[in-house]
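*Asks:* Sharing data-v9.txt below, compact mmCIF, C-alpha atoms and all ligand atoms:
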# COMPACT_ATOMS: atom_id res chain seq x y z
CA MET A 1 -14.49 10.44 -26.47
CA GLY A 2 -11.68 12.40 -28.01
CA TYR A 3 -8.73 14.16 -26.43
CA SER A 4 -8.97 14.83 -22.74
CA ALA A 5 -6.41 16.94 -20.93
CA MET A 6 -7.66 16.79 -17.35
CA ARG A 7 -4.76 16.08 -15.02
CA GLY A 8 -5.00 16.08 -11.26
CA HIS A 9 -2.78 16.11 -8.20
CA PHE A 10 -4.11 14.48 -5.08
CA LEU A 11 -1.77 14.57 -2.12
CA ALA A 12 -1.86 14.48 1.64
CA GLN A 13 -2.00 18.10 2.76
CA LYS A 14 0.77 17.80 5.36
CA TYR A 15 3.29 14.99 5.77
CA LEU A 16 5.69 14.86 8.69
CA GLN A 17 8.27 12.08 9.00
CA GLY A 18 11.12 11.34 11.35
CA PRO A 19 12.11 9.77 14.67
CA GLY A 20 9.84 11.29 17.30
CA ALA A 21 7.52 12.87 14.72
CA LEU A 22 4.55 12.07 16.97
CA SER A 23 6.05 14.08 19.83
CA ASN A 24 6.53 17.05 17.52
CA CYS A 25 3.31 17.14 15.54
CA GLY A 26 1.36 19.58 17.75
CA GLN A 27 2.94 22.67 16.23
CA PHE A 28 1.50 21.69 12.85
CA LEU A 29 -2.08 21.45 14.12
CA PRO A 30 -4.32 24.50 14.25
CA GLY A 31 -4.97 25.68 17.83
CA ASN A 32 -8.27 25.11 19.69
CA ILE A 33 -9.53 22.34 17.50
CA GLY A 34 -11.66 20.86 20.26
CA LYS A 35 -12.27 17.14 20.59
CA LEU A 36 -9.94 14.78 18.76
CA LEU A 37 -10.72 11.07 18.56
CA LEU A 38 -7.66 8.83 18.51
CA LEU A 39 -8.55 5.46 16.97
CA ALA A 40 -6.13 2.57 17.54
CA ASP A 41 -6.28 -1.06 18.62
CA ASN A 42 -4.99 -2.47 21.93
CA THR A 43 -1.49 -3.07 20.60
CA VAL A 44 -1.03 0.27 18.86
CA MET A 45 -2.64 2.58 21.45
CA PRO A 46 0.20 2.22 24.02
CA LEU A 47 2.77 2.90 21.26
CA VAL A 48 1.27 6.22 20.26
CA PHE A 49 -0.85 7.60 23.08
CA ASP A 50 1.68 9.32 25.36
CA SER A 51 3.76 11.07 22.72
CA PHE A 52 0.66 12.11 20.78
CA LYS A 53 -1.08 13.40 23.91
CA ASN A 54 1.93 15.46 25.02
CA SER A 55 2.31 16.85 21.57
CA VAL A 56 -1.30 17.86 20.92
CA SER A 57 -1.81 19.39 24.37
CA ASP A 58 -0.06 22.50 22.98
CA ALA A 59 -2.76 22.77 20.36
CA LYS A 60 -5.58 22.88 22.94
CA VAL A 61 -7.04 19.56 21.98
CA GLU A 62 -9.23 17.31 24.07
CA LEU A 63 -8.04 13.80 23.29
CA ILE A 64 -10.55 10.94 23.38
CA MET A 65 -9.62 7.30 22.75
CA TRP A 66 -11.43 4.78 20.54
CA ASN A 67 -10.43 1.17 20.95
CA PHE A 68 -10.41 -0.16 17.38
CA GLY A 69 -11.80 -3.68 16.99
CA GLY A 70 -9.45 -4.67 14.17
CA GLU A 71 -11.64 -4.69 11.06
CA CYS A 72 -12.73 -1.91 8.72
CA SER A 73 -16.31 -3.22 8.69
CA GLU A 74 -19.61 -1.41 8.16
CA GLU A 75 -20.45 -2.17 11.80
CA GLU A 76 -17.31 -0.58 13.24
CA ILE A 77 -17.58 2.40 10.88
CA ALA A 78 -21.17 2.98 12.07
CA GLU A 79 -20.15 2.75 15.74
CA VAL A 80 -17.27 5.22 15.41
CA LYS A 81 -19.51 7.49 13.37
CA SER A 82 -22.32 7.65 15.92
CA PHE A 83 -19.86 8.05 18.82
CA SER A 84 -18.19 10.92 16.98
CA LEU A 85 -21.52 12.60 16.30
CA ASN A 86 -22.76 12.21 19.88
CA ASN A 87 -19.50 13.54 21.29
CA GLU A 88 -18.97 16.43 18.89
CA ILE A 89 -15.66 15.10 17.64
CA LYS A 90 -13.98 17.64 15.37
CA ILE A 91 -11.07 15.64 13.99
CA ILE A 92 -10.12 11.93 13.93
CA ALA A 93 -6.63 10.48 14.07
CA GLY A 94 -6.25 6.84 13.06
CA ALA A 95 -3.12 4.98 14.15
CA GLY A 96 -2.01 1.53 13.02
CA GLY A 97 -2.02 -0.44 9.77
CA GLY A 98 -4.29 -0.15 6.74
CA LYS A 99 -7.48 -1.24 8.49
CA ALA A 100 -7.38 1.32 11.31
CA LEU A 101 -6.51 4.01 8.78
CA ASP A 102 -9.29 2.92 6.41
CA THR A 103 -11.88 2.96 9.20
CA THR A 104 -10.79 6.49 10.12
CA ARG A 105 -10.89 7.48 6.45
CA MET A 106 -14.45 6.16 6.08
CA VAL A 107 -15.78 7.91 9.20
CA CYS A 108 -14.10 11.22 8.31
CA HIS A 109 -15.54 10.90 4.81
CA HIS A 110 -19.08 10.30 6.09
CA LEU A 111 -18.93 13.12 8.63
CA GLY A 112 -16.87 15.58 6.57
CA LEU A 113 -14.18 15.71 9.29
CA PRO A 114 -10.43 16.24 8.80
CA MET A 115 -8.30 13.12 9.09
CA ILE A 116 -4.92 12.54 10.71
CA SER A 117 -3.15 9.40 9.57
CA ILE A 118 -0.54 7.79 11.85
CA PRO A 119 0.89 4.68 10.18
CA THR A 120 2.80 2.42 12.57
CA ILE A 121 4.01 0.09 9.82
CA ALA A 122 5.11 0.75 6.22
CA ALA A 123 3.61 -2.36 4.63
CA THR A 124 1.55 -0.52 1.99
CA ASN A 125 0.95 3.06 0.93
CA ALA A 126 -2.45 3.23 2.69
CA ALA A 127 -1.28 6.03 5.01
CA THR A 128 -1.54 8.69 2.31
CA SER A 129 -4.24 7.10 0.15
CA SER A 130 -7.66 8.35 -0.95
CA LEU A 131 -9.06 4.81 -1.09
CA ALA A 132 -10.51 2.59 1.62
CA ALA A 133 -11.26 -1.14 1.61
CA VAL A 134 -14.32 -2.34 3.51
CA TYR A 135 -14.42 -5.87 4.96
CA SER A 136 -17.11 -7.93 6.65
CA LYS A 137 -16.88 -8.45 10.42
CA ASP A 138 -15.36 -11.86 9.76
CA HIS A 139 -12.55 -10.46 7.62
CA VAL A 140 -13.86 -11.08 4.10
CA TYR A 141 -13.09 -8.31 1.63
CA LYS A 142 -16.29 -6.60 0.45
CA TYR A 143 -15.66 -3.46 -1.61
CA PRO A 144 -13.36 -0.49 -2.19
CA VAL A 145 -14.50 3.08 -1.52
CA LYS A 146 -13.18 6.06 -3.45
CA ILE A 147 -12.98 8.85 -0.89
CA GLY A 148 -11.73 11.41 -3.39
CA ARG A 149 -9.25 13.05 -1.01
CA CYS A 150 -6.09 12.09 0.83
CA PRO A 151 -5.62 12.55 4.59
CA ASP A 152 -5.15 16.10 5.86
CA PHE A 153 -2.14 15.31 8.01
CA VAL A 154 0.12 12.24 7.92
CA ILE A 155 2.48 11.68 10.86
CA VAL A 156 5.15 9.06 10.31
CA ASP A 157 7.17 8.37 13.44
CA THR A 158 10.09 6.33 12.12
CA GLU A 159 11.04 5.16 15.62
CA ILE A 160 7.75 3.28 15.74
CA ILE A 161 8.04 1.96 12.17
CA ALA A 162 11.65 0.80 12.73
CA ASN A 163 10.44 -1.26 15.67
CA ALA A 164 7.74 -3.10 13.72
CA PRO A 165 8.53 -6.55 12.24
CA VAL A 166 10.78 -6.04 9.21
CA ARG A 167 8.57 -8.15 6.91
CA PHE A 168 6.10 -5.24 6.82
CA LEU A 169 8.76 -2.91 5.44
CA ILE A 170 9.84 -5.49 2.83
CA ALA A 171 6.24 -5.94 1.67
CA GLY A 172 5.90 -2.15 1.55
CA MET A 173 8.85 -2.00 -0.82
CA GLY A 174 7.13 -4.52 -3.12
CA ASP A 175 3.94 -2.47 -3.10
CA ALA A 176 5.78 0.79 -3.81
CA LEU A 177 7.94 -0.64 -6.62
CA SER A 178 4.79 -1.47 -8.59
CA THR A 179 3.55 2.09 -9.01
CA LYS A 180 6.13 2.93 -11.68
CA TYR A 181 5.24 -0.09 -13.84
CA GLU A 182 1.51 0.28 -13.38
CA GLY A 183 1.51 4.06 -13.93
CA GLU A 184 3.65 3.84 -17.05
CA ALA A 185 1.45 1.08 -18.48
CA MET A 186 -1.72 3.04 -17.73
CA LYS A 187 -0.34 6.20 -19.30
CA ALA A 188 0.63 4.27 -22.43
CA ALA A 189 -2.87 2.74 -22.52
CA ASN A 190 -4.46 6.16 -21.93
CA LYS A 191 -6.30 4.85 -18.85
CA LYS A 192 -7.71 7.12 -16.17
CA THR A 193 -6.51 7.34 -12.56
CA VAL A 194 -8.80 6.51 -9.64
CA HIS A 195 -9.93 10.16 -9.73
CA GLY A 196 -10.94 9.91 -13.39
CA THR A 197 -8.03 12.11 -14.48
CA ASP A 198 -5.26 11.44 -16.99
CA CYS A 199 -1.95 10.14 -15.68
CA ASN A 200 0.21 13.22 -15.07
CA GLN A 201 3.97 13.51 -15.45
CA THR A 202 4.71 14.72 -11.90
CA SER A 203 3.06 11.65 -10.42
CA LEU A 204 4.97 9.37 -12.76
CA PHE A 205 8.14 11.15 -11.69
CA PHE A 206 7.23 10.39 -8.05
CA SER A 207 6.61 6.73 -8.90
CA ASN A 208 9.94 6.45 -10.69
CA LEU A 209 11.73 8.14 -7.81
CA ALA A 210 10.13 5.76 -5.30
CA HIS A 211 11.18 2.80 -7.47
CA ASP A 212 14.79 3.96 -7.85
CA ILE A 213 15.20 4.80 -4.16
CA ILE A 214 13.94 1.38 -3.17
CA LEU A 215 16.26 -0.45 -5.59
CA GLU A 216 19.20 1.65 -4.45
CA LYS A 217 18.58 1.78 -0.71
CA GLY A 218 16.11 -1.01 0.04
CA TYR A 219 18.72 -3.48 1.18
CA LEU A 220 20.32 -0.98 3.57
CA ALA A 221 16.87 -0.04 4.84
CA LYS A 222 16.01 -3.66 5.48
CA ILE A 223 19.22 -4.23 7.50
CA SER A 224 18.60 -0.96 9.40
CA ALA A 225 15.11 -2.09 10.33
CA GLU A 226 16.37 -5.54 11.35
CA LYS A 227 18.90 -3.91 13.65
CA ARG A 228 16.33 -1.35 14.83
CA GLN A 229 18.61 1.47 13.69
CA ILE A 230 17.22 4.56 12.03
CA THR A 231 19.46 5.50 9.09
CA PRO A 232 19.04 7.95 6.19
CA ALA A 233 18.48 4.93 3.92
CA LEU A 234 15.62 3.70 6.10
CA GLU A 235 14.09 7.19 6.19
CA ASP A 236 14.35 7.46 2.38
CA VAL A 237 12.73 4.08 1.82
CA ILE A 238 9.90 4.78 4.27
CA GLU A 239 9.21 8.08 2.49
CA ALA A 240 9.30 6.28 -0.86
CA ILE A 241 6.73 3.74 0.35
CA LEU A 242 4.41 5.97 2.33
CA PHE A 243 4.53 9.20 0.37
CA LEU A 244 6.16 9.05 -3.07
CA SER A 245 4.59 5.88 -4.33
CA GLU A 246 1.07 6.84 -3.25
CA ALA A 247 1.45 10.36 -4.63
CA GLY A 248 2.49 8.60 -7.83
CA ALA A 249 -0.53 6.30 -7.80
CA GLU A 250 -3.10 9.00 -7.02
CA GLY A 251 -2.30 11.21 -10.00
CA GLY A 252 -0.36 8.79 -12.19
CA GLY A 253 -2.32 5.55 -11.96
CA GLY A 254 -1.32 2.55 -9.92
CA THR A 255 -3.35 -0.42 -11.01
CA ALA A 256 -2.30 -2.83 -13.75
CA VAL A 257 -1.00 -6.42 -13.68
CA PRO A 258 0.61 -6.42 -10.18
CA HIS A 259 -2.51 -5.18 -8.36
CA GLY A 260 -4.79 -7.17 -10.65
CA LEU A 261 -2.91 -10.36 -9.85
CA HIS A 262 -2.61 -9.60 -6.15
CA ALA A 263 -6.39 -9.46 -5.87
CA ALA A 264 -6.91 -12.59 -7.98
CA PHE A 265 -4.34 -14.55 -5.96
CA THR A 266 -6.44 -14.07 -2.82
CA ILE A 267 -8.95 -16.63 -4.14
CA LEU A 268 -6.36 -19.23 -3.09
CA PRO A 269 -6.56 -19.66 0.71
CA GLU A 270 -2.83 -20.40 1.02
CA VAL A 271 -1.92 -17.08 -0.64
CA LYS A 272 -4.08 -15.04 1.73
CA GLU A 273 -1.43 -15.16 4.44
CA VAL A 274 1.11 -13.71 2.02
CA TYR A 275 1.25 -9.92 2.47
CA HIS A 276 -0.33 -7.56 -0.06
CA GLY A 277 3.05 -6.09 -1.09
CA GLU A 278 4.56 -9.56 -1.52
CA ARG A 279 1.80 -10.64 -3.90
CA VAL A 280 2.14 -7.34 -5.76
CA ALA A 281 5.92 -7.82 -6.03
CA PHE A 282 5.51 -11.18 -7.75
CA GLY A 283 2.96 -9.54 -10.06
CA ILE A 284 5.61 -7.01 -11.14
CA LEU A 285 7.78 -9.85 -12.46
CA VAL A 286 4.78 -11.13 -14.42
CA GLN A 287 4.15 -7.70 -15.93
CA LEU A 288 7.83 -7.40 -16.93
CA ILE A 289 7.54 -10.66 -18.86
CA LEU A 290 4.29 -9.59 -20.54
CA GLU A 291 6.04 -6.36 -21.54
CA ASN A 292 8.85 -8.39 -23.10
CA ARG A 293 11.53 -6.63 -21.05
CA PRO A 294 15.16 -7.67 -21.59
CA LEU A 295 16.37 -10.55 -19.46
CA ASP A 296 18.99 -8.34 -17.81
CA TYR A 297 16.25 -6.10 -16.53
CA ILE A 298 14.33 -9.00 -15.01
CA LEU A 299 17.54 -10.39 -13.49
CA LYS A 300 18.23 -7.06 -11.82
CA MET A 301 14.81 -7.15 -10.19
CA GLN A 302 15.20 -10.79 -9.13
CA LYS A 303 18.54 -9.98 -7.55
CA PHE A 304 17.02 -7.13 -5.57
CA TYR A 305 14.05 -9.26 -4.52
CA ARG A 306 16.35 -11.99 -3.23
CA SER A 307 18.49 -9.48 -1.34
CA VAL A 308 15.53 -8.19 0.67
CA GLY A 309 13.34 -11.29 0.73
CA LEU A 310 10.60 -10.56 -1.82
CA PRO A 311 9.10 -13.53 -3.72
CA ILE A 312 10.53 -14.68 -7.05
CA THR A 313 8.70 -18.02 -7.39
CA LEU A 314 5.15 -19.26 -6.88
CA ARG A 315 6.46 -21.34 -4.01
CA ASP A 316 7.53 -18.08 -2.34
CA ILE A 317 3.89 -16.98 -2.35
CA HIS A 318 2.85 -20.36 -0.94
CA ILE A 319 1.54 -21.98 -4.15
CA ILE A 320 3.09 -25.42 -4.00
CA GLU A 321 0.79 -28.09 -5.42
CA ASN A 322 -1.63 -28.37 -8.35
CA MET A 323 0.05 -25.36 -9.83
CA ASP A 324 -1.54 -25.48 -13.30
CA GLN A 325 -5.06 -25.78 -11.97
CA LYS A 326 -4.59 -23.05 -9.36
CA ILE A 327 -2.98 -20.62 -11.78
CA HIS A 328 -5.82 -21.22 -14.25
CA GLU A 329 -8.29 -20.25 -11.49
CA VAL A 330 -6.26 -17.12 -10.68
CA VAL A 331 -6.03 -16.15 -14.35
CA ASN A 332 -9.77 -16.65 -14.88
CA LYS A 333 -10.43 -14.30 -11.97
CA ALA A 334 -7.80 -11.74 -13.00
CA CYS A 335 -9.07 -11.57 -16.59
CA GLU A 336 -12.73 -10.90 -15.77
CA PRO A 337 -14.00 -7.72 -17.51
CA GLU A 338 -13.03 -4.38 -15.90
CA ARG A 339 -10.18 -5.94 -13.88
CA TYR A 340 -6.87 -4.14 -13.51
CA VAL A 341 -4.90 -6.46 -15.84
CA HIS A 342 -6.83 -4.79 -18.68
CA ASN A 343 -5.11 -1.47 -17.90
CA MET A 344 -2.13 -2.52 -20.03
CA PRO A 345 -1.44 -0.86 -23.41
CA PHE A 346 -1.91 -4.26 -25.12
CA THR A 347 -4.49 -7.01 -24.76
CA VAL A 348 -3.86 -9.39 -21.87
CA THR A 349 -5.51 -12.75 -22.47
CA LYS A 350 -5.90 -15.68 -20.13
CA ASP A 351 -3.29 -17.55 -22.16
CA SER A 352 -0.74 -14.75 -22.18
CA LEU A 353 -1.19 -14.12 -18.46
CA PHE A 354 -0.93 -17.82 -17.62
CA SER A 355 2.29 -18.13 -19.63
CA ALA A 356 3.80 -15.02 -18.04
CA ILE A 357 3.07 -16.30 -14.51
CA MET A 358 4.60 -19.69 -15.30
CA MET A 359 7.57 -17.99 -16.93
CA ALA A 360 8.16 -15.71 -13.93
CA ASP A 361 8.12 -18.80 -11.73
CA ALA A 362 10.49 -20.71 -14.05
CA LEU A 363 12.93 -17.78 -14.18
CA GLY A 364 12.77 -17.61 -10.38
CA HIS A 365 13.74 -21.28 -10.10
CA GLU A 366 16.51 -20.75 -12.67
CA PHE A 367 17.83 -17.88 -10.60
CA LEU A 368 17.79 -19.98 -7.44
CA SER A 369 19.47 -22.94 -9.15
CA ARG A 370 22.42 -20.72 -10.06
CA GLY A 371 22.83 -20.13 -6.32
CA GLU A 372 23.15 -16.35 -6.64
ZN ZN B 401 -0.93 -1.85 -3.16
Show me this structure written as structure tokens.
*Replies:*
Amino acid sequence: MGYSAMRGHFLAQKYLQGPGALSNCGQFLPGNIGKLLLLADNTVMPLVFDSFKNSVSDAKVELIMWNFGGECSEEEIAEVKSFSLNNEIKIIAGAGGGKALDTTRMVCHHLGLPMISIPTIAATNAATSSLAAVYSKDHVYKYPVKIGRCPDFVIVDTEIIANAPVRFLIAGMGDALSTKYEGEAMKAANKKTVHGTDCNQTSLFFSNLAHDIILEKGYLAKISAEKRQITPALEDVIEAILFLSEAGAEGGGGTAVPHGLHAAFTILPEVKEVYHGERVAFGILVQLILENRPLDYILKMQKFYRSVGLPITLRDIHIIENMDQKIHEVVNKACEPERYVHNMPFTVTKDSLFSAIMMADALGHEFLSRGE
């Protein structure tokens, strides 16, 4: 096909962020919406229920709880769906991490209901996403689903997020940093976004902004979260992770080497326990090497990674023994046809990817040996 000029913007319709956002969200809901299903697991429900209930009572809402089982599986989706149908649910709010939000996203998609997204951690940009990942009941990844629209209302209560384990926030920074590199590569390669549109300049601006905010304020944000203190830096970084980077990915493309490698790394059982954003962060270093970026640039990233605790070596993502053989397996998986590593503006081969991974690891060890 020849020239195509179709650009698209896909954003959450409303996004509210701040300490106590959950207690103040009612005024942004339409009145008399009827029955609202609040989906959360046993740990998250007590964190969100009271403030959400007080807040939505102004909006004449009947709040009903759904105890989420923990996996975005076909079984759970079907259960929530039939409960919602039988009880005339008009709107569903999902609270928690990616899986609770994805389950909510799937049910709302099937039933054509509006979705409220209440992330309680900032480990990925799932809160504002138009994609869901479906797993089997026993936690094996099955397939992604393109929903085609972002949540209607995203409520980010930073008091809750600041109280979550800080490793989630650090992983979220890794995930959000990648959007700039992946979007820019996809635009240069003339690849389409998840919506089938061209990468647009506003989205790439969002991705760049998210990237720069994280590099500038990520360390302060990490210390704030460790000390359970809400600071402007923490607010900025949370917004960069949850809103800016996803807005960047939706309309600007967000899938090249980092997300391609993250998925391929999960074939190694020891890497499964590493968080999504941590795997993605290591993948950024690999992409920078493939792109032949100046050493100073890579050093700057390594320095930032070390300051917050993102991985710079294979050991950091739990690959310790039989390195060559394991990386060959990962590369074989990552380089299958139609995988994200092929979204680069140049050909990525198994050999070039293998070398770049080994080089990222070697540079990481070099960095550590200098004791910086
Ligand atoms: Zn991601």
*Asks:* Quick one: of A:Asn322, A:Asn32, A:Asn125, A:Ser355, who's nearest to Ile91 (chain A), counting only C-alpha atoms?
*Replies:*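 Using only C-alpha atoms, Ile91 (chain A) sits closest to A:Asn32.
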*Asks:* How would you write, as an MDAnalysis selection string, the set of residues no farther than 12 Å from ligand ZN 401 (chain B) when counting all atoms listed in the file?
*Replies:* chainID A and resid 98 122:129 131:133 171:179 182 241:242 245:246 248:250 253:263 275:281 283:284
*Asks:* Looking at A:Ala21, A:Arg7, A:Tyr141, A:Ala247, which one is nearest to Cys72 (chain A), with distances taken over all atoms listed in the file?
*Replies:*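 Smallest separation from Cys72 (chain A) among the options: A:Tyr141.
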*Asks:* Report as a Markdown table: every residue of region 82-191 of chain A with an atom at most 8 Å from region 47-70 of chain A, its closest pair of atoms, and their distance in Å to one decimal, counting all atoms listed in the file, with rows sorted by chain and ascending residue number.
*Replies:*
| residue | atom | partner | partner_atom | distance |
| --- | --- | --- | --- | --- |
| A:Ala95 | CA | A:Val48 | CA | 7.6 |
| A:Lys99 | CA | A:Gly70 | CA | 6.9 |
| A:Ala100 | CA | A:Phe68 | CA | 6.9 |
| A:Ile160 | CA | A:Leu47 | CA | 7.4 |
*Asks:* Using only C-alpha atoms, pick whichever of A:Thr266, A:Thr347, A:Thr103, A:Thr313 has the shortest atom-to-atom distance to Leu290 (chain A).
*Replies:*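 The shortest atom-to-atom distance to Leu290 (chain A) comes from A:Thr347.
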*Asks:* Just checking: using all atoms listed in the file, which residue out of A:Met6, A:Gly371, A:Phe83, A:Met323 ends up closest to Arg306 (chain A)?
*Replies:*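 That would be A:Gly371, the residue with the smallest distance to Arg306 (chain A).
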*Asks:* For CA of Asn200 (chain A) and CA of Val341 (chain A), determine how far apart the two atoms are, in Å to one decimal place.
*Replies:*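 A separation of 20.3 Å between them.
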*Asks:* Using only C-alpha atoms and a cutoff of 6 Å, can you tell me which residues are near (-14.6, -2.9, 7.0) in the file's coordinates, and write them out as a VMD selection string?
*Replies:* chain A and resid 71 to 74 134 to 136
*Asks:* My list of candidates is A:Ala360, A:Leu244, A:Ile33, A:Met344. Which is closest to Glu184 (chain A) when distances are computed with all atoms listed in the file?
*Replies:*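 Looking at the shortest contact to Glu184 (chain A), the residue is A:Met344.
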*Asks:* Each side padded by 5 Å, which centre and which edge lengths in Å (one decimal) define the axis-aligned box around the listed atoms of region 215-222 of chain A? Give them as JSON.
*Replies:*
{"center_x": 18.2, "center_y": -0.9, "center_z": -0.1, "size_x": 14.3, "size_y": 15.4, "size_z": 21.1}
*Asks:* Provide the CA of Glu321 (chain A) to CA of Leu299 (chain A) distance in Å, to one decimal place.
*Replies:*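 Result for CA of Glu321 (chain A) versus CA of Leu299 (chain A): 25.7 Å, one decimal.
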*Asks:* Have a look at CA of Asp236 (chain A) and CA of Glu273 (chain A) and let me know their distance in Å, one decimal.
*Replies:*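 So the two atoms, CA of Asp236 (chain A) and CA of Glu273 (chain A), lie 27.7 Å apart.
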*Asks:* Go through A:Leu268, A:Gly251, A:Pro165, A:Tyr340 one by one, measure the shortest atom-to-atom distance of each to Thr193 (chain A) using all atoms listed in the file, and give the residue with the smallest value.
*Replies:*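 Closest candidate: A:Gly251.
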*Asks:* Can you list, as a PyMOL selection string, every protein, DNA or RNA residue that comes within 10 Å of Lys81 (chain A) when you count all atoms listed in the file, leaving out same-chain residues fewer than 3 positions away?
*Replies:* chain A and resi 75-78+84-87+89+103-104+106-108+110-111
